[in-house]
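Text of start-v5.csv (CSV, C-alpha atoms) as supplied:
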```
chain,number,residue,atom,x,y,z
P,1,MET,CA,-6.2,-7.1,5.0
P,2,LEU,CA,-7.9,-9.2,2.4
P,3,THR,CA,-10.5,-7.6,0.1
P,4,ARG,CA,-13.5,-9.5,-1.0
P,5,ASN,CA,-13.6,-10.8,-4.6
P,6,ARG,CA,-10.0,-9.8,-5.3
P,7,ILE,CA,-7.3,-12.0,-6.7
P,8,VAL,CA,-3.6,-11.3,-5.8
P,9,PHE,CA,-1.1,-10.7,-8.6
P,10,ALA,CA,0.9,-13.6,-7.1
P,11,VAL,CA,-1.6,-16.0,-8.8
P,12,VAL,CA,-0.5,-14.7,-12.1
P,13,PHE,CA,3.2,-15.2,-11.3
P,14,ALA,CA,2.5,-18.6,-9.9
P,15,LEU,CA,0.8,-19.8,-13.1
P,16,ALA,CA,3.5,-18.2,-15.3
P,17,GLY,CA,6.2,-19.7,-13.1
P,18,ALA,CA,4.7,-23.1,-13.3
P,19,GLY,CA,4.7,-22.9,-17.1
P,20,VAL,CA,8.4,-21.9,-17.2
P,21,ALA,CA,9.3,-24.7,-14.8
P,22,ALA,CA,7.6,-27.2,-17.1
P,23,LEU,CA,9.4,-25.9,-20.1
P,24,SER,CA,12.7,-26.0,-18.2
P,25,PHE,CA,12.1,-29.6,-17.2
P,26,LYS,CA,11.7,-30.5,-20.9
P,27,GLY,CA,15.1,-28.9,-21.7
P,28,ASP,CA,13.8,-25.7,-23.3
P,29,PRO,CA,15.5,-22.4,-22.2
P,30,PRO,CA,13.7,-20.3,-19.6
P,31,ARG,CA,11.6,-17.5,-21.1
P,32,GLU,CA,11.3,-13.9,-20.0
P,33,LEU,CA,8.2,-13.6,-17.9
P,34,ASN,CA,7.9,-9.8,-17.9
P,35,ALA,CA,7.1,-7.2,-20.6
P,36,ALA,CA,6.9,-3.4,-20.7
P,37,PHE,CA,3.4,-1.9,-20.9
P,38,HIS,CA,4.1,1.2,-22.9
P,39,ALA,CA,1.7,4.2,-23.1
P,40,ASP,CA,2.0,4.4,-26.9
P,41,SER,CA,0.9,0.8,-27.5
P,42,ALA,CA,-1.6,0.3,-24.6
P,43,LYS,CA,-5.3,0.9,-24.6
P,44,GLN,CA,-6.0,4.1,-22.8
P,45,VAL,CA,-8.7,5.8,-20.8
P,46,SER,CA,-8.7,9.5,-20.3
P,47,PRO,CA,-8.7,11.2,-16.9
P,48,ALA,CA,-12.2,12.6,-17.6
P,49,GLU,CA,-13.6,9.2,-18.5
P,50,LEU,CA,-12.1,7.5,-15.5
P,51,ALA,CA,-13.4,10.3,-13.2
P,52,SER,CA,-16.9,9.8,-14.6
P,53,TRP,CA,-16.6,6.0,-13.9
P,54,ILE,CA,-15.7,6.7,-10.3
P,55,ILE,CA,-18.4,9.4,-9.8
P,56,GLU,CA,-21.0,7.0,-11.3
P,57,GLY,CA,-19.9,4.3,-8.8
P,58,ARG,CA,-19.2,1.7,-11.4
P,59,ARG,CA,-17.8,-1.6,-10.1
P,60,ASP,CA,-16.4,-3.1,-13.3
P,61,PHE,CA,-12.9,-1.8,-13.0
P,62,THR,CA,-10.0,-1.5,-10.6
P,63,VAL,CA,-7.4,1.3,-10.6
P,64,VAL,CA,-3.8,0.4,-9.8
P,65,ASP,CA,-1.1,2.9,-8.9
P,66,THR,CA,2.3,1.6,-10.0
P,67,ARG,CA,4.3,4.4,-8.5
P,68,PRO,CA,6.5,4.1,-5.4
P,69,VAL,CA,4.4,3.8,-2.2
P,70,GLU,CA,5.6,7.2,-0.9
P,71,ASN,CA,4.2,8.8,-4.0
P,72,TYR,CA,0.9,6.9,-3.5
P,73,GLN,CA,0.7,8.0,0.1
P,74,ALA,CA,1.2,11.7,-0.9
P,75,SER,CA,-1.6,11.7,-3.4
P,76,HIS,CA,-3.4,9.2,-5.7
P,77,VAL,CA,-6.5,8.6,-7.8
P,78,ARG,CA,-9.5,8.0,-5.5
P,79,ASP,CA,-9.9,4.2,-4.7
P,80,ALA,CA,-6.7,3.3,-6.4
P,81,VAL,CA,-4.7,0.3,-5.1
P,82,SER,CA,-1.0,0.8,-4.5
P,83,CYS,CA,1.2,-1.7,-6.3
P,84,GLY,CA,4.5,0.0,-6.7
P,85,SER,CA,6.6,-3.1,-7.1
P,86,CYS,CA,4.5,-6.1,-6.4
P,87,HIS,CA,4.0,-6.7,-10.1
P,88,GLN,CA,7.7,-6.8,-10.9
P,89,SER,CA,8.8,-10.2,-9.4
P,90,LYS,CA,7.3,-13.3,-7.9
P,91,GLN,CA,9.0,-12.7,-4.6
P,92,GLN,CA,7.5,-9.2,-4.3
P,93,ALA,CA,4.1,-10.5,-5.3
P,94,ARG,CA,4.2,-13.2,-2.6
P,95,GLU,CA,5.1,-10.6,0.1
P,96,SER,CA,2.5,-8.0,-1.1
P,97,GLU,CA,-0.9,-7.5,0.5
P,98,THR,CA,-2.2,-5.9,-2.7
P,99,PHE,CA,-5.1,-7.7,-4.4
P,100,VAL,CA,-6.5,-7.0,-7.8
P,101,ASP,CA,-9.6,-8.6,-9.4
P,102,LEU,CA,-8.4,-9.8,-12.7
P,103,SER,CA,-11.9,-10.3,-14.0
P,104,LYS,CA,-12.5,-6.6,-14.1
P,105,LYS,CA,-11.0,-3.8,-16.2
P,106,ILE,CA,-7.6,-2.9,-14.8
P,107,VAL,CA,-6.6,0.8,-15.1
P,108,LEU,CA,-2.9,1.2,-14.5
P,109,TYR,CA,-1.0,4.5,-14.1
P,110,ALA,CA,2.5,5.7,-13.5
P,111,GLN,CA,3.7,9.2,-12.8
P,112,SER,CA,3.5,10.1,-16.5
P,113,ASP,CA,3.2,8.5,-20.0
P,114,ALA,CA,7.0,8.5,-20.2
P,115,ASP,CA,7.3,6.1,-17.2
P,116,GLU,CA,7.6,2.4,-18.1
P,117,ILE,CA,5.3,-0.1,-16.4
P,118,VAL,CA,6.7,-3.7,-16.3
P,119,LEU,CA,4.2,-6.5,-16.0
P,120,PRO,CA,4.0,-10.3,-16.5
P,121,LYS,CA,3.5,-11.0,-20.2
P,122,ILE,CA,0.3,-12.9,-19.5
P,123,LEU,CA,-1.1,-9.7,-17.9
P,124,VAL,CA,0.1,-7.4,-20.6
P,125,GLU,CA,-2.0,-9.5,-23.1
P,126,ASN,CA,-5.1,-9.1,-21.0
P,127,PRO,CA,-7.7,-7.2,-23.3
P,128,ARG,CA,-9.2,-5.6,-20.2
P,129,LEU,CA,-5.9,-3.9,-19.3
P,130,LEU,CA,-6.0,-0.1,-19.7
P,131,ARG,CA,-3.5,2.7,-19.0
P,132,LEU,CA,-4.5,6.1,-17.7
P,133,SER,CA,-3.5,8.6,-20.4
P,134,GLY,CA,-1.0,11.2,-19.0
P,135,GLY,CA,-0.5,9.1,-15.8
P,136,PHE,CA,-0.9,10.8,-12.5
P,137,GLU,CA,0.4,14.1,-13.9
P,138,GLY,CA,-2.5,14.0,-16.5
P,139,TRP,CA,-5.0,13.3,-13.7
P,140,GLN,CA,-3.7,16.3,-11.7
P,141,GLN,CA,-3.8,18.6,-14.7
P,142,GLU,CA,-7.3,17.6,-16.0
P,143,ILE,CA,-9.1,16.7,-12.8
P,144,LEU,CA,-7.4,18.4,-9.8
P,145,ALA,CA,-6.2,21.6,-11.3
P,146,PRO,CA,-8.1,24.8,-10.4
P,147,VAL,CA,-10.8,25.7,-12.9
P,148,LYS,CA,-10.5,29.0,-14.7
P,149,GLN,CA,-13.6,31.0,-13.9
P,150,GLU,CA,-12.7,34.5,-15.2
P,151,GLY,CA,-13.5,35.9,-18.6
P,152,LEU,CA,-16.4,33.5,-19.4
P,153,THR,CA,-18.5,35.0,-22.1
P,154,SER,CA,-21.4,32.5,-22.5
P,155,ASP,CA,-23.8,30.5,-20.5
P,156,GLU,CA,-22.4,27.3,-22.0
P,157,GLN,CA,-18.9,28.2,-20.8
P,158,VAL,CA,-20.3,28.9,-17.3
P,159,LEU,CA,-22.1,25.6,-17.2
P,160,ASP,CA,-18.9,23.7,-18.3
P,161,ALA,CA,-16.8,25.5,-15.7
P,162,ARG,CA,-19.4,24.6,-13.0
P,163,ARG,CA,-19.2,20.9,-14.0
P,164,ARG,CA,-15.4,20.8,-14.0
P,165,GLU,CA,-15.3,22.7,-10.7
P,166,ALA,CA,-17.8,20.3,-9.1
P,167,ARG,CA,-15.7,17.4,-10.4
P,168,ARG,CA,-12.5,18.9,-9.0
P,169,ALA,CA,-14.1,19.5,-5.7
P,170,PHE,CA,-15.4,15.9,-5.6
P,171,PHE,CA,-11.9,14.5,-5.9
P,172,SER,CA,-10.1,17.1,-3.8
P,173,GLY,CA,-12.6,17.1,-1.0
P,174,GLU,CA,-13.1,20.9,-1.2
P,175,THR,CA,-16.2,23.0,-1.5
P,176,PRO,CA,-16.8,24.0,-5.1
P,177,SER,CA,-16.7,27.7,-6.0
P,178,ALA,CA,-19.3,28.9,-8.5
P,179,PRO,CA,-18.3,31.1,-11.4
P,180,ALA,CA,-19.9,34.5,-11.8
P,181,PRO,CA,-23.0,34.4,-14.1
P,182,VAL,CA,-22.6,35.9,-17.5
P,183,LYS,CA,-24.1,39.4,-17.6
P,184,ALA,CA,-25.9,40.4,-20.8
P,185,PRO,CA,-25.1,43.9,-22.1
P,186,VAL,CA,-27.7,46.4,-21.2
P,187,GLU,CA,-28.9,48.6,-24.1
P,188,PRO,CA,-31.2,51.6,-23.7
P,189,VAL,CA,-34.7,51.1,-25.0
P,190,ARG,CA,-35.3,53.3,-28.1
P,191,ARG,CA,-38.7,54.5,-29.2
P,192,GLY,CA,-39.8,53.9,-32.8
P,193,GLY,CA,-41.2,57.4,-33.4
P,194,PRO,CA,-40.9,60.9,-32.0
P,195,HIS,CA,-42.0,61.4,-28.4
P,196,LYS,CA,-45.1,63.4,-27.8
P,197,ALA,CA,-46.1,64.9,-24.5
P,198,ALA,CA,-49.2,63.4,-22.9
P,199,ALA,CA,-52.4,65.5,-23.0
P,200,ALA,CA,-54.1,66.7,-19.8
P,201,ALA,CA,-57.0,64.2,-20.3
P,202,GLU,CA,-54.6,61.2,-20.4
P,203,GLY,CA,-53.7,61.6,-16.8
P,204,CYS,CA,-50.3,60.7,-15.4
```
As structure tokens - that is how I would like this structure written.
Amino acid sequence: MLTRNRIVFAVVFALAGAGVAALSFKGDPPRELNAAFHADSAKQVSPAELASWIIEGRRDFTVVDTRPVENYQASHVRDAVSCGSCHQSKQQARESETFVDLSKKIVLYAQSDADEIVLPKILVENPRLLRLSGGFEGWQQEILAPVKQEGLTSDEQVLDARRREARRAFFSGETPSAPAPVKAPVEPVRRGGPHKAAAAAEGC
């Protein structure tokens, strides 16, 4: 199904392929079209920042899940597009129904930072290309993991826990659970001077 205002990755491959064909026609050796998009050299966005973009309803970015489709179907970042292999060859791109708007920021993620993402060189050089730090594992740990709500000792910690729990519930589809409020220690009220019994005229 076509999605409005989205451009298929095949366009990128077609343009790159046309350039290689032109060079080959002139007698130059064919060039490698793909390059690795490593986590250590890529611009990154944290899971918390991406979560805030999604919650705010921003429309200036697209999230692309590069894991195998079965992993995507099991669980994925909300609103992410599955593109497990469509970006790795022109043939796969032609057969794919995945569309990505290249005029927006593109947030890619694999299972973890250790996993390599292979993209067309022309796409790797896109300044709007970002990689989700930690991959999907980082997303699970920072956004979807249960929030510790025991042992909170200040109102600031309670407020932070409530915010993180609300965010976790938003993305997991569960009802948020509220942490117990912090109870201030109760100290007995001490009089400044010696206690004197009330006189009969003072009443009760």
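Distances here use all atoms listed in the file; by that measure, the residue among P:Leu144, P:Leu129, P:Leu33, P:Ala161 closest to Ser75 of chain P is P:Leu144.
Closest to Val107 of chain P among P:Ile122, P:Ala51, P:Leu159, P:Ala166 is P:Ala51, based on all atoms listed in the file.
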Close residues, Arg67 of chain P itself excluded, 8 Å, all atoms listed in the file, min 4 positions apart in chain, as a PyMOL selection string | chain P and resi 71-72+82-85+109-111
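Residue nearest Ser103 of chain P within the list P:Gln140, P:Pro120, P:Asp65, P:Arg59: P:Arg59 [criterion: smallest interatomic distance, only C-alpha atoms].
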Tell me which of P:Leu50, P:Val69, P:Ala35, P:Leu108 sits closest to Ile143 of chain P, counting only C-alpha atoms.
-> P:Leu50
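Relative to atom CA of Val77 of chain P, atom CA of Trp139 of chain P is found at 7.7 Å.
Counting all atoms listed in the file and comparing P:Val124, P:Arg164, P:Asp155, P:His76, the residue that lies closest to Glu137 of chain P is P:His76.
Coordinates place atom CA of Arg168 of chain P at a distance of 21.3 Å from atom CA of Gln44 of chain P.
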List the spatial neighbours of Ala36 of chain P as a PDB file with C-alpha atoms, in the frame of the given file - criterion: any atom at most 12 Å away, only C-alpha atoms, same-chain residues fewer than 2 positions off excluded.
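Output file result-v2.pdb is given in full below:
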```pdb
ATOM      1  CA  GLU P  32      11.300 -13.900 -20.000  1.00  0.00           C
ATOM      2  CA  LEU P  33       8.200 -13.600 -17.900  1.00  0.00           C
ATOM      3  CA  ASN P  34       7.900  -9.800 -17.900  1.00  0.00           C
ATOM      4  CA  HIS P  38       4.100   1.200 -22.900  1.00  0.00           C
ATOM      5  CA  ALA P  39       1.700   4.200 -23.100  1.00  0.00           C
ATOM      6  CA  ASP P  40       2.000   4.400 -26.900  1.00  0.00           C
ATOM      7  CA  SER P  41       0.900   0.800 -27.500  1.00  0.00           C
ATOM      8  CA  ALA P  42      -1.600   0.300 -24.600  1.00  0.00           C
ATOM      9  CA  HIS P  87       4.000  -6.700 -10.100  1.00  0.00           C
ATOM     10  CA  GLN P  88       7.700  -6.800 -10.900  1.00  0.00           C
ATOM     11  CA  ALA P 114       7.000   8.500 -20.200  1.00  0.00           C
ATOM     12  CA  ASP P 115       7.300   6.100 -17.200  1.00  0.00           C
ATOM     13  CA  GLU P 116       7.600   2.400 -18.100  1.00  0.00           C
ATOM     14  CA  ILE P 117       5.300  -0.100 -16.400  1.00  0.00           C
ATOM     15  CA  VAL P 118       6.700  -3.700 -16.300  1.00  0.00           C
ATOM     16  CA  LEU P 119       4.200  -6.500 -16.000  1.00  0.00           C
ATOM     17  CA  PRO P 120       4.000 -10.300 -16.500  1.00  0.00           C
ATOM     18  CA  LYS P 121       3.500 -11.000 -20.200  1.00  0.00           C
ATOM     19  CA  ILE P 122       0.300 -12.900 -19.500  1.00  0.00           C
ATOM     20  CA  LEU P 123      -1.100  -9.700 -17.900  1.00  0.00           C
ATOM     21  CA  VAL P 124       0.100  -7.400 -20.600  1.00  0.00           C
ATOM     22  CA  GLU P 125      -2.000  -9.500 -23.100  1.00  0.00           C
TER      23      GLU P 125
END
```
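We find atom CA of Ser112 of chain P and atom CA of Ala145 of chain P to be spaced 15.9 Å apart.
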Please complete segment 129-140 of chain P with all heavy atoms and give it back as an mmCIF file, in the frame of the given file.
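Final output, selection24.cif:
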```
data_model
loop_
_atom_site.group_PDB
_atom_site.id
_atom_site.type_symbol
_atom_site.label_atom_id
_atom_site.label_comp_id
_atom_site.auth_asym_id
_atom_site.auth_seq_id
_atom_site.Cartn_x
_atom_site.Cartn_y
_atom_site.Cartn_z
ATOM 1 N N LEU P 129 -6.937 -4.720 -19.898
ATOM 2 C CA LEU P 129 -5.900 -3.900 -19.300
ATOM 3 C C LEU P 129 -5.871 -2.521 -19.980
ATOM 4 O O LEU P 129 -5.767 -2.423 -21.205
ATOM 5 C CB LEU P 129 -4.541 -4.564 -19.407
ATOM 6 C CG LEU P 129 -3.426 -4.015 -18.518
ATOM 7 C CD1 LEU P 129 -3.753 -4.227 -17.048
ATOM 8 C CD2 LEU P 129 -2.104 -4.678 -18.861
ATOM 9 N N LEU P 130 -5.977 -1.448 -19.197
ATOM 10 C CA LEU P 130 -6.000 -0.100 -19.700
ATOM 11 C C LEU P 130 -4.884 0.724 -18.997
ATOM 12 O O LEU P 130 -4.458 0.379 -17.898
ATOM 13 C CB LEU P 130 -7.326 0.593 -19.486
ATOM 14 C CG LEU P 130 -8.566 -0.122 -20.030
ATOM 15 C CD1 LEU P 130 -9.826 0.556 -19.506
ATOM 16 C CD2 LEU P 130 -8.555 -0.130 -21.541
ATOM 17 N N ARG P 131 -4.478 1.782 -19.644
ATOM 18 C CA ARG P 131 -3.500 2.700 -19.000
ATOM 19 C C ARG P 131 -4.115 4.086 -18.995
ATOM 20 O O ARG P 131 -4.694 4.548 -19.993
ATOM 21 C CB ARG P 131 -2.195 2.674 -19.797
ATOM 22 C CG ARG P 131 -1.132 3.549 -19.168
ATOM 23 C CD ARG P 131 0.256 3.184 -19.613
ATOM 24 N NE ARG P 131 1.214 4.154 -19.090
ATOM 25 C CZ ARG P 131 2.516 3.940 -18.978
ATOM 26 N NH1 ARG P 131 3.025 2.789 -19.375
ATOM 27 N NH2 ARG P 131 3.308 4.868 -18.490
ATOM 28 N N LEU P 132 -3.999 4.763 -17.856
ATOM 29 C CA LEU P 132 -4.500 6.100 -17.700
ATOM 30 C C LEU P 132 -3.659 7.069 -18.519
ATOM 31 O O LEU P 132 -2.454 7.213 -18.255
ATOM 32 C CB LEU P 132 -4.534 6.530 -16.235
ATOM 33 C CG LEU P 132 -5.008 7.948 -15.919
ATOM 34 C CD1 LEU P 132 -6.467 8.136 -16.332
ATOM 35 C CD2 LEU P 132 -4.833 8.249 -14.436
ATOM 36 N N SER P 133 -4.241 7.715 -19.510
ATOM 37 C CA SER P 133 -3.500 8.600 -20.400
ATOM 38 C C SER P 133 -2.943 9.800 -19.556
ATOM 39 O O SER P 133 -3.667 10.412 -18.794
ATOM 40 C CB SER P 133 -4.310 9.105 -21.543
ATOM 41 O OG SER P 133 -5.447 9.805 -21.076
ATOM 42 N N GLY P 134 -1.658 10.063 -19.747
ATOM 43 C CA GLY P 134 -1.000 11.200 -19.000
ATOM 44 C C GLY P 134 -0.524 10.767 -17.642
ATOM 45 O O GLY P 134 0.169 11.552 -16.987
ATOM 46 N N GLY P 135 -0.887 9.568 -17.178
ATOM 47 C CA GLY P 135 -0.500 9.100 -15.800
ATOM 48 C C GLY P 135 -1.064 10.017 -14.752
ATOM 49 O O GLY P 135 -2.068 10.707 -14.956
ATOM 50 N N PHE P 136 -0.425 10.009 -13.590
ATOM 51 C CA PHE P 136 -0.900 10.800 -12.500
ATOM 52 C C PHE P 136 -0.806 12.316 -12.792
ATOM 53 O O PHE P 136 -1.619 13.121 -12.333
ATOM 54 C CB PHE P 136 -0.223 10.475 -11.185
ATOM 55 C CG PHE P 136 -0.857 11.105 -9.986
ATOM 56 C CD1 PHE P 136 -2.108 10.705 -9.549
ATOM 57 C CD2 PHE P 136 -0.215 12.124 -9.287
ATOM 58 C CE1 PHE P 136 -2.723 11.299 -8.455
ATOM 59 C CE2 PHE P 136 -0.816 12.712 -8.175
ATOM 60 C CZ PHE P 136 -2.064 12.300 -7.760
ATOM 61 N N GLU P 137 0.210 12.672 -13.576
ATOM 62 C CA GLU P 137 0.400 14.100 -13.900
ATOM 63 C C GLU P 137 -0.841 14.535 -14.787
ATOM 64 O O GLU P 137 -1.348 15.647 -14.611
ATOM 65 C CB GLU P 137 1.660 14.295 -14.706
ATOM 66 C CG GLU P 137 2.910 14.127 -13.840
ATOM 67 C CD GLU P 137 4.192 14.327 -14.624
ATOM 68 O OE1 GLU P 137 4.095 14.566 -15.853
ATOM 69 O OE2 GLU P 137 5.273 14.233 -14.027
ATOM 70 N N GLY P 138 -1.297 13.679 -15.697
ATOM 71 C CA GLY P 138 -2.500 14.000 -16.500
ATOM 72 C C GLY P 138 -3.717 14.119 -15.619
ATOM 73 O O GLY P 138 -4.572 14.985 -15.853
ATOM 74 N N TRP P 139 -3.833 13.258 -14.601
ATOM 75 C CA TRP P 139 -5.000 13.300 -13.700
ATOM 76 C C TRP P 139 -4.943 14.640 -12.899
ATOM 77 O O TRP P 139 -5.985 15.284 -12.719
ATOM 78 C CB TRP P 139 -4.876 12.139 -12.703
ATOM 79 C CG TRP P 139 -5.938 12.110 -11.652
ATOM 80 C CD1 TRP P 139 -5.846 12.582 -10.374
ATOM 81 C CD2 TRP P 139 -7.264 11.571 -11.774
ATOM 82 N NE1 TRP P 139 -7.018 12.377 -9.696
ATOM 83 C CE2 TRP P 139 -7.912 11.758 -10.534
ATOM 84 C CE3 TRP P 139 -7.960 10.965 -12.818
ATOM 85 C CZ2 TRP P 139 -9.221 11.348 -10.306
ATOM 86 C CZ3 TRP P 139 -9.263 10.554 -12.586
ATOM 87 C CH2 TRP P 139 -9.890 10.745 -11.344
ATOM 88 N N GLN P 140 -3.776 15.058 -12.451
ATOM 89 C CA GLN P 140 -3.700 16.300 -11.700
ATOM 90 C C GLN P 140 -4.050 17.506 -12.601
ATOM 91 O O GLN P 140 -4.763 18.408 -12.159
ATOM 92 C CB GLN P 140 -2.250 16.497 -11.189
ATOM 93 C CG GLN P 140 -1.897 15.568 -10.033
ATOM 94 C CD GLN P 140 -0.474 15.768 -9.564
ATOM 95 O OE1 GLN P 140 0.474 15.746 -10.366
ATOM 96 N NE2 GLN P 140 -0.305 15.969 -8.267
#
```
